[in-house]
There are 2 protein chains.
Amino acid sequence: MAIEIINTGSELMLGRVLNTHQQWLCRQLSDLGYEVTRQTGVPDTAEAIESCVRESAQRADVVISTGGLGPTSDDLTRDRIAALLGRPLREDPAIVAHIASWFDARRRPMPASTRVQAMVPEGATVLANPNGTAPGLIMDARACRTSGRGDAPCWVIMLPGPPRELRPMFTDQVVPWLAQHLPLAELCRTLTLRTTGVGESAVEERLRVPLREFLDRGLDLAFCARVGEVEVRLEAKGEAQLSMLSPAAERAREALGSAVYGEGEIDLETTVVRLLQTAGKRLALAESCTGGLLANRITNVPGASTVLVGGWVTYADEAKRAWLGVPDALIAEHGAVSEPVALAMASAAASRSGADFALALTGIAGPTGGTAEKPVGTVWIALAGPGRPRAQRLVNAFDRPTFKWVSSQQALDMLRRELRGF
Amino acid sequence: MAIEIINTGSELMLGRVLNTHQQWLCRQLSDLGYEVTRQTGVPDTAEAIESCVRESAQRADVVISTGGLGPTSDDLTRDRIAALLGRPLREDPAIVAHIASWFDARRRPMPASTRVQAMVPEGATVLANPNGTAPGLIMDARACRTSGRGDAPCWVIMLPGPPRELRPMFTDQVVPWLAQHLPLAELCRTLTLRTTGVGESAVEERLRVPLREFLDRGLDLAFCARVGEVEVRLEAKGEAQLSMLSPAAERAREALGSAVYGEGEIDLETTVVRLLQTAGKRLALAESCTGGLLANRITNVPGASTVLVGGWVTYADEAKRAWLGVPDALIAEHGAVSEPVALAMASAAASRSGADFALALTGIAGPTGGTAEKPVGTVWIALAGPGRPRAQRLVNAFDRPTFKWVSSQQALDMLRRELRGF
């Protein structure tokens, strides 16, 4: 089964917005076992949308379009696809009522132009939009196939542009629709292990021998390296492989050991917040070079307030002295980027906050400030807790934002390992 | 002139990575006045790459591909395009020498497989890669045009996948090549004004009348709304319009007044850091609901250390009390999310840091914790400085990350307006 995605929008072609739909939809579909064979971005002109949909329909069983369902003059997707398929549009009173109540709930007048979103092409399936006004639409698109492929199915699924409308509509309505109308010939399941602290080639090397017997029998293994982490993805297709997924994942977990921090969609900050919650422990932070990124990542996790007391962003040396009591002499003797200063920051953060654990970072983010002995990218990360505080030195020689991200990742991982007893 | 972009990579189609090349290249090209008419993502199989390049070549004057030039078995772009155009590959000794010296400089052995990157299709122009090993390539692709378009040019420009290699190669080599080989029929210049604090439709409304005379004479005006800001883009094509650009921008600046925070590629945090540097003033922060995001944004700006003393992330109420001395009674009487608490946080941050200005935020990020009186999204933002501290209440009823971003944007803007004397 071939699925193509079409992202419409002149702002995409002008580079004004980042196309996040592409990644999100591809990821959802591939995790379900569907294959996205092509993705196309086009400006929102009638001609570009029509020709692109017509071309995709020749090749694909399903064409998913995003955008162009709204009320303004550059929202042409619904009209152009209906025209391409020779289907007249009719106003759907239920959608008009939904749009009216949507505006009513927000105590805003309903602009007349928004009614156009209630126009439904004949024969289309309507996907309700509880998070906005424009519904999604599914249409049989075989009418625009000009060549070959006989009676193979051809569907066009139109989704609204805003992510907070598109995503729940896809998950709640498109996924069940696909399962019903286009079930996969073979069952497919994927399992993702998330690792940190080990490079991509080392992860691959560790798994080569332990997983060989599963891979020889057809299980698929893929790696994706991101900044500060590597994702390991196992994919099983068909009954025989499905039964291999759990034992293969178990073998992979053994081989990777403490490098695995989670499974599925979880991220490292959520993992750490959950571990702290389970342990009933609280955390404080003292950040210099990461400048608040670590606190920001932790507070992105809903429920972070149950475990995070807070943190100090002691960017200037005087803040390290005044707010955390790091002795002048320590900074003068060892420099602000040093093991003793990192340890002093962590210990002070723990004692002044009353938290069970404290993480501290001090380093040189660059682009300037490095020396031969302490090059740009040098960072000391300290952890204070029930035991003796300890620190590690790392060199993250990256651009500034990457340095901050990798350093915050290493700090989170240091605490994760402590909490897991590694 | 039509330009198409082809992004190759199975990891794109699996949704494992975000396609940032598309936005970046589209933005660079559109700012130069070139039009990207289509963007396509395909897996890195020989068949997908060949058919996609062949199709794009029928429509476009220039096809830019990204990825697939490296040394591994899934790097097929160079080979497949050379085969499509019937050009044999020959090893280029200069590129072999570059690759060898690249590994030498990093004191790593040169794997034999990397030599494949020195293979150059006959007649291709080589784009040097100072930031990696795989060079870019430019080829005349008219040989694969099967229909129409007569002698119109058709070029394929192959760029490497890693952004830190692709971006400088594009800027330093592709842009001059385009100017020489495919100069625009008309000169084109764009000018972008960045605004914050005013919605997209209000920005549009404010500009409608003042810019009418310029728009009537053909100047192009576009808006792009992002979270917490709206970008206004003026585009002039041809001599007559070029002369309108400055007066139109001046008129737009007048009409938008203090909403304009910058021009071109600058962001709000950089604007604020530069204003503080110019004024010789320093800043401290006290963040509750933004959880360190504001500090993180400011410390993303190189040189932030010259103006930022640091900040407190007083996430728990006890941190507000213990670290900033916010009185228990104040929190008990008004709640942690209140004007008096925000003002107390800002005043304490200023006095305890010795900074000239302090920003403080306290609010309800959600998803839980809201009440009828203080719904999720409520935030108090306070600014302490040379004058009396003051605070504003806003309701940012968004998801958690968006709430944090918008609130940090409003805090930065509050300080920007203070520094600019608005």
# chains A, B, ... in the order shown; residues from 1 in each chain; ligands from 1
call {"tool": "interface_residues", "arguments": {"of": "chain A", "to": "chain B", "cutoff": "7 Å", "atoms": "only C-alpha atoms", "output": "ChimeraX atom specification"}}
result
/A:12-18,20,23-24,26-27,30,36-43,224,291-293,295-296,299-300,305,308-316,319,401
call {"tool": "residues_around", "arguments": {"residues": "range 207-216 of chain A", "least_positions_apart": "4", "cutoff": "7 Å", "atoms": "only C-alpha atoms", "output": "PDB file with all heavy atoms, in the first residue's frame"}}
result
ATOM      1  N   VAL A 203      25.906   1.835  19.436  1.00  0.00           N
ATOM      2  CA  VAL A 203      24.617   1.179  19.659  1.00  0.00           C
ATOM      3  C   VAL A 203      24.447   0.047  18.647  1.00  0.00           C
ATOM      4  O   VAL A 203      24.089  -1.086  18.988  1.00  0.00           O
ATOM      5  CB  VAL A 203      23.454   2.196  19.532  1.00  0.00           C
ATOM      6  CG1 VAL A 203      22.106   1.484  19.470  1.00  0.00           C
ATOM      7  CG2 VAL A 203      23.470   3.173  20.704  1.00  0.00           C
ATOM      8  N   ASP A 220      12.992  -6.186  11.242  1.00  0.00           N
ATOM      9  CA  ASP A 220      13.688  -5.013  10.729  1.00  0.00           C
ATOM     10  C   ASP A 220      14.216  -4.171  11.891  1.00  0.00           C
ATOM     11  O   ASP A 220      13.530  -3.979  12.894  1.00  0.00           O
ATOM     12  CB  ASP A 220      12.725  -4.193   9.869  1.00  0.00           C
ATOM     13  CG  ASP A 220      13.465  -3.178   9.029  1.00  0.00           C
ATOM     14  OD1 ASP A 220      14.495  -3.548   8.440  1.00  0.00           O
ATOM     15  OD2 ASP A 220      13.026  -2.014   8.983  1.00  0.00           O
ATOM     16  N   MET A 244       8.338 -12.367  17.468  1.00  0.00           N
ATOM     17  CA  MET A 244       9.757 -12.120  17.770  1.00  0.00           C
ATOM     18  C   MET A 244       9.983 -10.788  18.459  1.00  0.00           C
ATOM     19  O   MET A 244      11.051 -10.531  19.008  1.00  0.00           O
ATOM     20  CB  MET A 244      10.584 -12.114  16.476  1.00  0.00           C
ATOM     21  CG  MET A 244      10.740 -13.475  15.821  1.00  0.00           C
ATOM     22  SD  MET A 244      12.029 -13.380  14.547  1.00  0.00           S
ATOM     23  CE  MET A 244      11.157 -12.596  13.214  1.00  0.00           C
ATOM     24  N   ALA A 248      13.056 -10.015  21.001  1.00  0.00           N
ATOM     25  CA  ALA A 248      14.123  -9.220  20.395  1.00  0.00           C
ATOM     26  C   ALA A 248      14.348  -7.937  21.191  1.00  0.00           C
ATOM     27  O   ALA A 248      15.495  -7.538  21.439  1.00  0.00           O
ATOM     28  CB  ALA A 248      13.778  -8.888  18.939  1.00  0.00           C
ATOM     29  N   ARG A 251      16.222  -8.785  24.302  1.00  0.00           N
ATOM     30  CA  ARG A 251      17.634  -8.999  23.991  1.00  0.00           C
ATOM     31  C   ARG A 251      18.336  -7.646  23.776  1.00  0.00           C
ATOM     32  O   ARG A 251      19.456  -7.432  24.245  1.00  0.00           O
ATOM     33  CB  ARG A 251      17.741  -9.867  22.731  1.00  0.00           C
ATOM     34  CG  ARG A 251      19.097 -10.465  22.447  1.00  0.00           C
ATOM     35  CD  ARG A 251      19.402 -11.665  23.317  1.00  0.00           C
ATOM     36  NE  ARG A 251      18.465 -12.758  23.091  1.00  0.00           N
ATOM     37  CZ  ARG A 251      18.577 -13.668  22.098  1.00  0.00           C
ATOM     38  NH1 ARG A 251      19.589 -13.618  21.271  1.00  0.00           N
ATOM     39  NH2 ARG A 251      17.678 -14.628  21.966  1.00  0.00           N
ATOM     40  N   ALA A 252      17.660  -6.749  23.082  1.00  0.00           N
ATOM     41  CA  ALA A 252      18.258  -5.432  22.820  1.00  0.00           C
ATOM     42  C   ALA A 252      18.446  -4.671  24.127  1.00  0.00           C
ATOM     43  O   ALA A 252      19.485  -4.045  24.361  1.00  0.00           O
ATOM     44  CB  ALA A 252      17.374  -4.636  21.861  1.00  0.00           C
ATOM     45  N   ALA A 255      21.425  -5.974  25.892  1.00  0.00           N
ATOM     46  CA  ALA A 255      22.686  -5.613  25.243  1.00  0.00           C
ATOM     47  C   ALA A 255      23.012  -4.136  25.460  1.00  0.00           C
ATOM     48  O   ALA A 255      24.179  -3.754  25.567  1.00  0.00           O
ATOM     49  CB  ALA A 255      22.610  -5.915  23.747  1.00  0.00           C
TER      50      ALA A 255
END
call {"tool": "closest_residue", "arguments": {"among": "A:Leu178, A:Leu193, A:Leu245, A:Leu219", "to": "Asp267 in chain A", "atoms": "only C-alpha atoms"}}
result
A:Leu193
call {"tool": "residues_around", "arguments": {"residues": "Thr45 in chain B", "least_positions_apart": "6", "cutoff": "9 Å", "atoms": "only C-alpha atoms", "output": "PDB file with N, CA, C and O atoms, in the first residue's frame"}}
result
ATOM      1  N   THR B   8      15.929  13.885  -0.235  1.00  0.00           N
ATOM      2  CA  THR B   8      15.977  12.423  -0.232  1.00  0.00           C
ATOM      3  C   THR B   8      16.302  11.914   1.166  1.00  0.00           C
ATOM      4  O   THR B   8      17.015  12.566   1.923  1.00  0.00           O
ATOM      5  N   GLY B   9      15.771  10.762   1.507  1.00  0.00           N
ATOM      6  CA  GLY B   9      16.106  10.176   2.805  1.00  0.00           C
ATOM      7  C   GLY B   9      14.962   9.344   3.354  1.00  0.00           C
ATOM      8  O   GLY B   9      13.876   9.857   3.588  1.00  0.00           O
ATOM      9  N   SER B  10      15.228   8.060   3.577  1.00  0.00           N
ATOM     10  CA  SER B  10      14.174   7.206   4.124  1.00  0.00           C
ATOM     11  C   SER B  10      13.796   7.649   5.523  1.00  0.00           C
ATOM     12  O   SER B  10      12.644   7.504   5.938  1.00  0.00           O
ATOM     13  N   ASP B  74      23.384   3.573   1.325  1.00  0.00           N
ATOM     14  CA  ASP B  74      22.111   4.216   0.994  1.00  0.00           C
ATOM     15  C   ASP B  74      22.316   5.631   0.440  1.00  0.00           C
ATOM     16  O   ASP B  74      21.366   6.391   0.321  1.00  0.00           O
ATOM     17  N   ASP B  75      23.535   5.979   0.102  1.00  0.00           N
ATOM     18  CA  ASP B  75      23.802   7.272  -0.527  1.00  0.00           C
ATOM     19  C   ASP B  75      23.854   7.074  -2.036  1.00  0.00           C
ATOM     20  O   ASP B  75      24.889   6.727  -2.603  1.00  0.00           O
ATOM     21  N   LEU B  76      22.720   7.293  -2.688  1.00  0.00           N
ATOM     22  CA  LEU B  76      22.590   6.913  -4.099  1.00  0.00           C
ATOM     23  C   LEU B  76      22.418   8.093  -5.045  1.00  0.00           C
ATOM     24  O   LEU B  76      22.362   7.911  -6.257  1.00  0.00           O
ATOM     25  N   THR B  77      22.281   9.300  -4.492  1.00  0.00           N
ATOM     26  CA  THR B  77      21.886  10.431  -5.337  1.00  0.00           C
ATOM     27  C   THR B  77      22.874  10.675  -6.480  1.00  0.00           C
ATOM     28  O   THR B  77      22.477  10.793  -7.645  1.00  0.00           O
TER      29      THR B  77
END
call {"tool": "residues_around", "arguments": {"residues": "His98 in chain B", "least_positions_apart": "6", "cutoff": "12 Å", "atoms": "only C-alpha atoms", "output": "list in words"}}
result
Asp92, Asp104, Ala105, Met110, Thr114, Arg115, Gln117, Ala118, Ala128, Asn129, Pro130, Asn131, Gly132, Thr133, Ala134 and Pro135 of chain B
call {"tool": "residues_around", "arguments": {"residues": "range 152-159 of chain A", "least_positions_apart": "6", "cutoff": "10 Å", "atoms": "only C-alpha atoms", "output": "PyMOL selection string"}}
result
chain A and resi 1-7+53+56-69+77-78+81+124-127+129+134-145+165-167+169-170+174+181-182
call {"tool": "residues_around", "arguments": {"residues": "range 256-265 of chain A", "least_positions_apart": "4", "cutoff": "6 Å", "atoms": "only C-alpha atoms", "output": "ChimeraX atom specification"}}
result
/A:192-196
call {"tool": "residues_around", "arguments": {"residues": "Leu187 in chain A", "least_positions_apart": "2", "cutoff": "12 Å", "atoms": "only C-alpha atoms", "output": "count of residues only"}}
result
19
call {"tool": "select_by_dssp", "arguments": {"residues": "range 64-112 of chain A", "states": "alpha helix (DSSP H)", "output": "NGL selection string"}}
result
:A and (77-84 or 93-105)
call {"tool": "atom_distance", "arguments": {"atom1": "CA of Val326 in chain A", "atom2": "CA of Met345 in chain A"}}
result
6.6 Å
call {"tool": "select_by_dssp", "arguments": {"residues": "range 63-187 of chain A", "states": "strand (DSSP E or B)", "output": "PyMOL selection string"}}
result
chain A and resi 63-66+89-91+119-121+125-127+136-140+155-159
call {"tool": "write_last_selection", "arguments": {"atoms": "N, CA and C atoms", "output": "compact mmCIF listing (two decimals), in the first residue's frame"}}
result
# COMPACT_ATOMS: atom_id res chain seq x y z
N VAL A 63 -4.01 9.43 -0.63
CA VAL A 63 -3.35 10.74 -0.70
C VAL A 63 -3.88 11.55 0.48
N ILE A 64 -2.97 12.00 1.34
CA ILE A 64 -3.39 12.82 2.49
C ILE A 64 -2.95 14.25 2.23
N SER A 65 -3.91 15.17 2.18
CA SER A 65 -3.54 16.58 2.00
C SER A 65 -3.68 17.32 3.32
N THR A 66 -2.84 18.34 3.50
CA THR A 66 -2.97 19.18 4.69
C THR A 66 -3.14 20.63 4.27
N LEU A 89 -20.62 20.61 -4.43
CA LEU A 89 -20.54 20.86 -2.99
C LEU A 89 -21.92 21.24 -2.45
N ARG A 90 -22.25 20.72 -1.28
CA ARG A 90 -23.52 21.11 -0.64
C ARG A 90 -23.26 21.48 0.80
N GLU A 91 -23.99 22.49 1.28
CA GLU A 91 -23.80 22.91 2.66
C GLU A 91 -24.38 21.86 3.61
N MET A 119 -19.27 23.43 3.49
CA MET A 119 -19.56 22.88 2.17
C MET A 119 -18.90 21.50 2.04
N VAL A 120 -19.71 20.51 1.73
CA VAL A 120 -19.21 19.13 1.67
C VAL A 120 -19.39 18.58 0.25
N PRO A 121 -18.32 18.04 -0.35
CA PRO A 121 -18.47 17.44 -1.68
C PRO A 121 -19.38 16.20 -1.59
N THR A 125 -16.92 11.59 3.10
CA THR A 125 -17.05 11.30 4.52
C THR A 125 -16.52 12.51 5.29
N VAL A 126 -17.28 12.96 6.28
CA VAL A 126 -16.89 14.14 7.05
C VAL A 126 -16.16 13.71 8.32
N LEU A 127 -15.02 14.34 8.58
CA LEU A 127 -14.29 14.11 9.83
C LEU A 127 -14.54 15.32 10.72
N GLY A 136 -12.48 17.74 8.41
CA GLY A 136 -11.71 17.01 7.40
C GLY A 136 -12.66 16.29 6.48
N LEU A 137 -12.15 15.80 5.37
CA LEU A 137 -12.98 15.13 4.36
C LEU A 137 -12.24 13.94 3.80
N ILE A 138 -12.99 12.87 3.52
CA ILE A 138 -12.40 11.72 2.82
C ILE A 138 -13.22 11.46 1.58
N MET A 139 -12.55 11.35 0.42
CA MET A 139 -13.25 11.12 -0.84
C MET A 139 -12.61 9.98 -1.63
N ASP A 140 -13.45 9.26 -2.33
CA ASP A 140 -12.97 8.25 -3.28
C ASP A 140 -12.45 9.02 -4.49
N TRP A 155 -7.93 6.92 -2.37
CA TRP A 155 -8.67 7.81 -1.48
C TRP A 155 -7.90 9.11 -1.30
N VAL A 156 -8.65 10.20 -1.17
CA VAL A 156 -8.03 11.46 -0.77
C VAL A 156 -8.57 11.83 0.60
N ILE A 157 -7.65 12.04 1.54
CA ILE A 157 -8.04 12.45 2.89
C ILE A 157 -7.56 13.87 3.09
N MET A 158 -8.49 14.79 3.28
CA MET A 158 -8.14 16.21 3.45
C MET A 158 -8.16 16.58 4.93
N LEU A 159 -7.05 17.07 5.43
CA LEU A 159 -6.96 17.45 6.84
C LEU A 159 -6.69 18.95 6.96
call {"tool": "closest_residue", "arguments": {"among": "B:Ala46, B:Val341, B:Val230, B:Ala97", "to": "Arg80 in chain B", "atoms": "only C-alpha atoms"}}
result
B:Ala46
